[in-house]
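Trainee: Right, I'll just put the structure down here and ask away after.
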Amino acid sequence: MANLNTKAGTTRRGFLRSGGSAALVVGFTLPAFAPRAWGATPAQNPMATRGVGPALNAFLRIAPDNSITVVCGPAEMGQGVLTAIPMLLAEELDADWSRVSVMQAPADAAYANPMFGMQVTGGSTTVRAHWEPLRKAGAAARQMLVAAAAAQWKLSASELRTEKSYVIAPKGSKLSYGALCSLAARLPIPAQPTLKDSKDFKLLGKPLRRLDTPAKVTGVARYGIDAQVPGMLIAVMARAPLPGAKALSFAEADAKAVPGVRQVIALPSGVAVLADGYWAAKRGRDALSVKWDLGDHATLGSAGISNALDAAAAMADVLSRDHGNVRDAAANSATSIDAVYEAPYLAHACMEPMNCTAHVRGDEVEIWAGTQSQGPAQGILGQVAQVTPAKVKVNTLLLGGGFGRRFAPDFCIDAVLLSKLSGKPVKLIYTREDDMAAGYYRPASVARFEGALDAKGVPTLLKVGVGTPSIMAASGFMKIPDSGVDPFALEGIHDHPYDIAHQRIAYGRAEPGPQVWFWRSVGHSQNIFFMEGFIDELAAAAKKDPFEFRRALLTNQPRCKGVLELAADRANWGKALPAGMARGIALAQSFGSYVAQVAEVSVAADGTPRVHRVIAAVDCGMIVNPEIIRRQIEGGIAFGLSAALYGRITLKDGRVEQSNFHDYPVLRLPEMPRVEVHIMASKEPPGGIGEPGTPPIAPAVVNAIFAATGKRLRTLPINRAALARA
């Protein structure tokens with residue numbers, strides 16, 4: 001069972017500091033931070049003095065009772081890191097999996113993600129970033145334990161082998177890792193431990209049960225919203241409807257008249273009501289009757305936003321890809337096609353509302369939160385509370401859905417401000433309405449396509465202009481490259497895999513007003529819909545089968561071609577379906593992985609689409625746990641299909657019109673299609689898996705709808721009105 005809670009009186013940081021001389025604690029250094037790995041007994045461990053010594057990413061602890069604890073730096077939000085991370089270590093350690101537990105790491109530079117250089121969880125990077133460093137940590141520990149046994153038995157290390165947390169001598173004598181850990185801890189750390197060949201893996205590639213499931217099923221696991229601090233107040237905020245909006249007035253006396261309300265505090269982001277409980281705080285917030293100055297956004301609406309994005313796409317002139325001769329290709333084509341695609345703003349709609357519990361005590365700050373950005377939070381919250389980052393302690397609890405939303409710092413910043421100003425520990429909770437109507441959104445986007453075919457139906461030209469806001473500019477910690485192209489705005493289009501001779505792809509930045517942010521699969525979420533929809537249009541214009549048309553353009557893309565062929569094969573592409581049903585296909589490469597999906601869809605007489613089955617083929621490189629991969633692809637399909645069928649944030653008079661799941665629906669259980677996931681064997685390094693399942697589902701569905709009805713959908717969401725317009 002995952003060790004998601006500590007024993008009474010013991011903190012996670014205390015666990016790292018403690019242990020006595022009879023435990024082996026192995027740390028490892030990331031190439032980005034220091035030149036070699038190191039390990040130490042707890043008394044020598046730099047973590048005991050927080051930050052002294054080289055920066056580490058994780059620790060492996062072996063106790064005298066032969067139990068093994070892995071400390072996991074990334075945050076768990078359902079994607080399975082509390083199992084995948086221990087599997088990487090345990091494989092190279094030759095550990096007894098039944099004796100392995102996992103603990104969430106504290107926030108510390110020691111646990112920085114190697115791909116980002118800071119402790120964050122996102123971009124489907126956990127396994128691909130830690131694939132080698134964590135395996136090296138396990139291999140180094142195993143080598144040290146073997147050396148300790150060799151010294152005790154007066155044998156050569158080459159004569160010994162390891163199995164299930166034991167070192168075994170040629171004649172069968174055994175010593176447990178627990179018995180050897182004290183001696184091993186005094187040995188030097190191997191600088192370049194030998195890693196296993198994949199053919200010798202005993203754990204990696206196996207469908208092991210997740211370590212965090214029992215705690216979640218029994219209710220032992222703690223999410224951010226479960227945090228309890230003695231004497232805390234609950235806060236609910238009236239949040240500014242759009243960035244830059246200011247509260248002109250609010251009825252503080254009316255809010256304080258609600259029983260249980262203790263304080264009303266105005267912040268730059270809105271007005272907060274602090275109370276003894278949630279319902280008192282919410283009723284007090286509702287009584288505020290805040291009047292907002294929306295400034296330049298007072299008349300902002302969805303129609304104006306669409307026009308602004310379309311104009312930006314039409315005038316897009318910041319080039320990201322330009323080769324061949326687009327003008328001559330257009331002039332010499334046999335067939336030309338123009339199309340305009342559009343995708344709306346989307347909310348993250350995490351099932352657990354945004355929340356953070358904060359306690360500011362003098363020059364110390366402590367928070368309890370489900371956050372994807374523990375490392376940056378230390379620096380940001382240190383500035384907010386005017387303390388050094390070393391004085392900010394972040395307790396990372398489980399995340400009830402992240403999808404990029406919990407990478408944002410807003411809910412943690414406001415909780416810390418409220419605690420500092422009130423002098424009390426404060427748990428800030430966003431209502432569903434708060435987060436949906438004044439939150440962070442997947443950018444709305446418009447893409448203008450021009451394509452051309454020669455007389456044989458071969459595509460010769462692809463011209464794309466994309467108009468969309470910049471996530472990099474909105475992030476606050478990224479800078480748009482000197483080229484002027486925000487890569488998030490064009491990913492999935494700029495790097496499409498198809499062999500087309502003449503191409504021009506350009507970015508047109510537009511900033512209509514709403515706050516934009518990372519959303520599961522980021523730019524791929526809308527751009528794959530655009531790209532795969534238009535490729536399907538080219539196939540139709542060429543009068544060619546959509547699968548065969550794509551395959552012919554992938555001669556230099558074996559991994560894309562492989563998943564496309566596998567998905568088509570498992571879907572019985574080309575064979576007849578029951579009357580009224582049709583298939584659509586789509587392909588995506590994202591986050592180092594390759595996914596093709598085939599959707600089987602019908603459209604009812606009233607225009608309601610129904611997705612019956614989805615066949616997904618996945619190449620994500622070397623496999624850690626196939627069950628985690630399947631679940632992530634299934635979840636990504638559900639997430640993407642929900643957005644494709646229902647997701648849309650609209651604005652009127654400067655305010656978001658949606659407020660909860662009654663007007664921002666999500667996929668219900670009876671609507672979920674049957675999903676088949678087929679994983680390709682691969683020797684390539686691992687790719688990401690948390691996000692790649694989402695991008696292909698929307699285009700696979702709209703392409704199936706075209707096959708069934710002849711109607712081409714170029715806007716989302718898919719609904720009866722969209723079909724009627726088509």
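To be explicit about the labels: the chains of the structure tokens are called A, B, and onward in the order shown, and within each one the residues are counted from 1, while ligands get numbers from 1 in the order they are shown.
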Where does segment 335-418 of chain A meet segment 302-309 of chain A within 10 Å, residue by residue, with the nearest atom pair and distance in Å to one decimal for each, counting only C-alpha atoms, listed by chain and rising number, as JSON lines?

Mentor:
```
{"residue": "A:Glu342", "atom": "CA", "partner": "A:Ser306", "partner_atom": "CA", "distance": 8.2}
{"residue": "A:Ala343", "atom": "CA", "partner": "A:Ser306", "partner_atom": "CA", "distance": 9.5}
{"residue": "A:Pro344", "atom": "CA", "partner": "A:Ser306", "partner_atom": "CA", "distance": 8.7}
{"residue": "A:Tyr345", "atom": "CA", "partner": "A:Ser302", "partner_atom": "CA", "distance": 9.6}
```

Trainee: Enumerate, in order of chain and increasing residue number, the residues of segment 580-666 of chain A with an atom no farther than 12 Å from segment 528-539 of chain A, each with its shortest atom pair and distance in Å to one decimal, counting only C-alpha atoms, as JSON lines.

Mentor:
```
{"residue": "A:Gly584", "atom": "CA", "partner": "A:Asp536", "partner_atom": "CA", "distance": 9.0}
{"residue": "A:Ile585", "atom": "CA", "partner": "A:Glu532", "partner_atom": "CA", "distance": 8.5}
{"residue": "A:Ala586", "atom": "CA", "partner": "A:Glu532", "partner_atom": "CA", "distance": 5.9}
{"residue": "A:Leu587", "atom": "CA", "partner": "A:Glu532", "partner_atom": "CA", "distance": 7.0}
{"residue": "A:Ala588", "atom": "CA", "partner": "A:Ile528", "partner_atom": "CA", "distance": 6.6}
{"residue": "A:Gln589", "atom": "CA", "partner": "A:Ile528", "partner_atom": "CA", "distance": 9.0}
{"residue": "A:Ser590", "atom": "CA", "partner": "A:Ile528", "partner_atom": "CA", "distance": 9.7}
{"residue": "A:Val595", "atom": "CA", "partner": "A:Ile528", "partner_atom": "CA", "distance": 11.4}
{"residue": "A:Ala596", "atom": "CA", "partner": "A:Glu532", "partner_atom": "CA", "distance": 10.9}
{"residue": "A:Gln597", "atom": "CA", "partner": "A:Glu532", "partner_atom": "CA", "distance": 11.2}
{"residue": "A:Gly640", "atom": "CA", "partner": "A:Phe529", "partner_atom": "CA", "distance": 10.5}
{"residue": "A:Leu641", "atom": "CA", "partner": "A:Phe529", "partner_atom": "CA", "distance": 11.6}
{"residue": "A:Ala643", "atom": "CA", "partner": "A:Phe529", "partner_atom": "CA", "distance": 11.6}
{"residue": "A:Ala644", "atom": "CA", "partner": "A:Phe529", "partner_atom": "CA", "distance": 9.4}
```

Trainee: Taking into account only C-alpha atoms, which residue in the set A:Val326, A:Ile480, A:Ala473, A:Leu288 is nearest to Ala452 of chain A?

Mentor: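 Between A:Val326, A:Ile480, A:Ala473, A:Leu288, the residue approaching Ala452 of chain A most closely is A:Val326.
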
Trainee: Write out as a compact mmCIF listing (two decimals) with N, CA, C and O atoms, in the first residue's frame all residues of segment 340-480 of chain A that DSSP puts in strand (DSSP E or B) for this structure's backbone.

Mentor:
```txt
# COMPACT_ATOMS: atom_id res chain seq x y z
N VAL A 340 -11.70 27.10 -42.98
CA VAL A 340 -11.45 27.83 -41.73
C VAL A 340 -11.96 26.97 -40.59
O VAL A 340 -13.14 26.58 -40.56
N TYR A 341 -11.09 26.68 -39.65
CA TYR A 341 -11.43 25.89 -38.48
C TYR A 341 -11.39 26.78 -37.23
O TYR A 341 -10.61 27.75 -37.16
N GLU A 342 -12.21 26.43 -36.24
CA GLU A 342 -12.25 27.23 -35.01
C GLU A 342 -12.50 26.32 -33.81
O GLU A 342 -13.29 25.38 -33.87
N ALA A 343 -11.82 26.63 -32.71
CA ALA A 343 -12.01 25.93 -31.44
C ALA A 343 -12.23 26.97 -30.35
O ALA A 343 -11.61 28.04 -30.37
N TYR A 345 -12.67 28.62 -26.27
CA TYR A 345 -12.05 28.53 -24.95
C TYR A 345 -12.63 27.31 -24.24
O TYR A 345 -13.80 26.96 -24.42
N LEU A 346 -11.80 26.66 -23.41
CA LEU A 346 -12.26 25.53 -22.62
C LEU A 346 -11.82 25.69 -21.17
O LEU A 346 -10.72 26.15 -20.89
N ASN A 355 -8.19 24.69 -4.46
CA ASN A 355 -8.13 24.98 -3.03
C ASN A 355 -6.69 25.04 -2.56
O ASN A 355 -5.81 24.43 -3.18
N CYS A 356 -6.48 25.74 -1.50
CA CYS A 356 -5.16 25.78 -0.86
C CYS A 356 -5.35 26.21 0.59
O CYS A 356 -6.11 27.14 0.87
N THR A 357 -4.68 25.53 1.49
CA THR A 357 -4.66 25.92 2.90
C THR A 357 -3.30 26.52 3.20
O THR A 357 -2.27 25.91 2.87
N ALA A 358 -3.29 27.70 3.77
CA ALA A 358 -2.04 28.41 4.03
C ALA A 358 -1.98 28.88 5.47
O ALA A 358 -3.01 29.25 6.06
N HIS A 359 -0.77 28.88 6.02
CA HIS A 359 -0.55 29.42 7.36
C HIS A 359 0.74 30.22 7.34
O HIS A 359 1.83 29.66 7.13
N VAL A 360 0.61 31.52 7.51
CA VAL A 360 1.77 32.41 7.58
C VAL A 360 2.03 32.72 9.04
O VAL A 360 1.17 33.27 9.73
N ARG A 361 3.21 32.34 9.50
CA ARG A 361 3.61 32.55 10.90
C ARG A 361 4.92 33.33 10.91
O ARG A 361 5.99 32.75 10.70
N GLU A 364 7.68 32.58 8.35
CA GLU A 364 7.53 31.24 7.80
C GLU A 364 6.16 31.08 7.14
O GLU A 364 5.16 31.61 7.62
N VAL A 365 6.16 30.36 6.03
CA VAL A 365 4.92 30.08 5.30
C VAL A 365 4.81 28.57 5.11
O VAL A 365 5.77 27.92 4.72
N GLU A 366 3.62 28.05 5.36
CA GLU A 366 3.37 26.65 5.09
C GLU A 366 2.04 26.53 4.36
O GLU A 366 1.06 27.17 4.73
N ILE A 367 2.04 25.73 3.28
CA ILE A 367 0.78 25.50 2.57
C ILE A 367 0.54 24.01 2.42
O ILE A 367 1.49 23.21 2.44
N TRP A 368 -0.72 23.66 2.26
CA TRP A 368 -1.16 22.30 1.97
C TRP A 368 -2.01 22.40 0.71
O TRP A 368 -3.07 23.05 0.72
N ALA A 369 -1.57 21.79 -0.36
CA ALA A 369 -2.29 21.97 -1.62
C ALA A 369 -1.97 20.84 -2.57
O ALA A 369 -0.89 20.23 -2.52
N VAL A 392 9.50 28.75 2.97
CA VAL A 392 8.20 28.34 2.46
C VAL A 392 8.17 26.81 2.37
O VAL A 392 8.95 26.21 1.65
N LYS A 393 7.27 26.20 3.11
CA LYS A 393 7.13 24.76 3.11
C LYS A 393 5.85 24.40 2.35
O LYS A 393 4.77 24.87 2.67
N VAL A 394 6.00 23.56 1.34
CA VAL A 394 4.86 23.15 0.52
C VAL A 394 4.58 21.68 0.78
O VAL A 394 5.42 20.82 0.50
N ASN A 395 3.42 21.38 1.33
CA ASN A 395 2.98 20.01 1.53
C ASN A 395 2.11 19.63 0.33
O ASN A 395 1.00 20.14 0.17
N THR A 396 2.64 18.74 -0.51
CA THR A 396 1.91 18.36 -1.72
C THR A 396 0.96 17.22 -1.40
O THR A 396 1.39 16.12 -1.06
N LEU A 398 -2.63 14.97 -2.70
CA LEU A 398 -3.12 14.44 -3.97
C LEU A 398 -3.97 15.47 -4.70
O LEU A 398 -4.64 16.29 -4.07
N VAL A 426 -5.72 29.78 6.78
CA VAL A 426 -6.88 29.96 5.91
C VAL A 426 -6.91 28.88 4.85
O VAL A 426 -5.91 28.62 4.19
N LYS A 427 -8.07 28.25 4.70
CA LYS A 427 -8.30 27.35 3.57
C LYS A 427 -9.18 28.09 2.56
O LYS A 427 -10.34 28.38 2.83
N LEU A 428 -8.62 28.38 1.40
CA LEU A 428 -9.35 29.03 0.32
C LEU A 428 -9.93 27.96 -0.60
O LEU A 428 -9.20 27.07 -1.06
N ILE A 429 -11.22 28.04 -0.88
CA ILE A 429 -11.88 27.10 -1.77
C ILE A 429 -12.59 27.88 -2.87
O ILE A 429 -13.36 28.80 -2.58
N TYR A 441 -8.16 29.40 -19.03
CA TYR A 441 -8.80 28.67 -20.11
C TYR A 441 -7.82 28.19 -21.17
O TYR A 441 -6.79 28.84 -21.44
N ARG A 442 -8.18 27.07 -21.81
CA ARG A 442 -7.50 26.67 -23.04
C ARG A 442 -7.79 27.76 -24.07
O ARG A 442 -8.93 28.18 -24.23
N SER A 445 -9.08 29.51 -30.67
CA SER A 445 -8.15 29.55 -31.79
C SER A 445 -8.89 29.44 -33.12
O SER A 445 -9.92 28.78 -33.21
N VAL A 446 -8.35 30.09 -34.13
CA VAL A 446 -8.85 29.99 -35.50
C VAL A 446 -7.68 29.63 -36.41
O VAL A 446 -6.58 30.19 -36.27
N ALA A 447 -7.91 28.69 -37.31
CA ALA A 447 -6.87 28.30 -38.28
C ALA A 447 -7.44 28.38 -39.69
O ALA A 447 -8.51 27.82 -39.97
N ARG A 448 -6.73 29.10 -40.55
CA ARG A 448 -7.12 29.22 -41.96
C ARG A 448 -6.19 28.34 -42.80
O ARG A 448 -4.97 28.49 -42.75
N PHE A 449 -6.78 27.44 -43.55
CA PHE A 449 -6.03 26.47 -44.35
C PHE A 449 -6.22 26.74 -45.84
O PHE A 449 -7.31 27.09 -46.29
N GLU A 450 -5.15 26.53 -46.57
CA GLU A 450 -5.19 26.44 -48.03
C GLU A 450 -4.41 25.20 -48.42
O GLU A 450 -3.30 24.98 -47.94
N GLY A 451 -5.01 24.38 -49.26
CA GLY A 451 -4.33 23.18 -49.72
C GLY A 451 -4.52 22.99 -51.20
O GLY A 451 -5.43 23.55 -51.82
N ALA A 452 -3.64 22.19 -51.80
CA ALA A 452 -3.72 21.93 -53.24
C ALA A 452 -3.30 20.50 -53.53
O ALA A 452 -2.46 19.92 -52.81
N LEU A 453 -3.89 19.94 -54.59
CA LEU A 453 -3.59 18.59 -55.05
C LEU A 453 -3.18 18.63 -56.51
O LEU A 453 -3.66 19.48 -57.28
N PRO A 459 -1.15 15.69 -52.47
CA PRO A 459 -1.09 17.06 -51.96
C PRO A 459 0.26 17.71 -52.25
O PRO A 459 1.31 17.11 -52.02
N THR A 460 0.21 18.91 -52.79
CA THR A 460 1.44 19.63 -53.14
C THR A 460 1.63 20.90 -52.33
O THR A 460 2.73 21.46 -52.30
N LEU A 461 0.56 21.36 -51.67
CA LEU A 461 0.62 22.65 -50.98
C LEU A 461 -0.15 22.57 -49.66
O LEU A 461 -1.24 22.01 -49.60
N LEU A 462 0.45 23.16 -48.63
CA LEU A 462 -0.24 23.36 -47.35
C LEU A 462 0.14 24.74 -46.83
O LEU A 462 1.31 25.03 -46.60
N LYS A 463 -0.87 25.57 -46.68
CA LYS A 463 -0.67 26.91 -46.14
C LYS A 463 -1.61 27.10 -44.96
O LYS A 463 -2.82 26.87 -45.08
N VAL A 464 -1.06 27.49 -43.81
CA VAL A 464 -1.86 27.61 -42.60
C VAL A 464 -1.53 28.92 -41.89
O VAL A 464 -0.35 29.26 -41.71
N GLY A 465 -2.55 29.62 -41.48
CA GLY A 465 -2.39 30.78 -40.59
C GLY A 465 -3.21 30.54 -39.34
O GLY A 465 -4.41 30.24 -39.42
N VAL A 466 -2.60 30.67 -38.19
CA VAL A 466 -3.27 30.40 -36.92
C VAL A 466 -3.36 31.69 -36.11
O VAL A 466 -2.35 32.38 -35.90
N GLY A 467 -4.56 32.03 -35.67
CA GLY A 467 -4.78 33.18 -34.81
C GLY A 467 -5.20 32.71 -33.43
O GLY A 467 -6.23 32.05 -33.29
N THR A 468 -4.41 33.03 -32.42
CA THR A 468 -4.69 32.54 -31.06
C THR A 468 -3.87 33.33 -30.05
O THR A 468 -2.82 33.91 -30.41
```

Trainee: Expressed in Å to a single decimal, how great is the separation between atom CA of Arg551 of chain A and atom CA of Ala617 of chain A?

Mentor: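 Calculated distance between atom CA of Arg551 of chain A and atom CA of Ala617 of chain A is 14.6 Å.
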
Trainee: What is the atom CA of Asp410 of chain A-atom CA of Ala489 of chain A distance in Å, reported with one decimal?

Mentor: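 Between atom CA of Asp410 of chain A and atom CA of Ala489 of chain A the gap is 22.9 Å.
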
Trainee: Using only C-alpha atoms, pick whichever of A:Gly231, A:Gly224, A:Pro686, A:Pro558 has the shortest atom-to-atom distance to Asn625 of chain A.

Mentor: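 Ranked by minimum distance to Asn625 of chain A, first place goes to A:Pro686.
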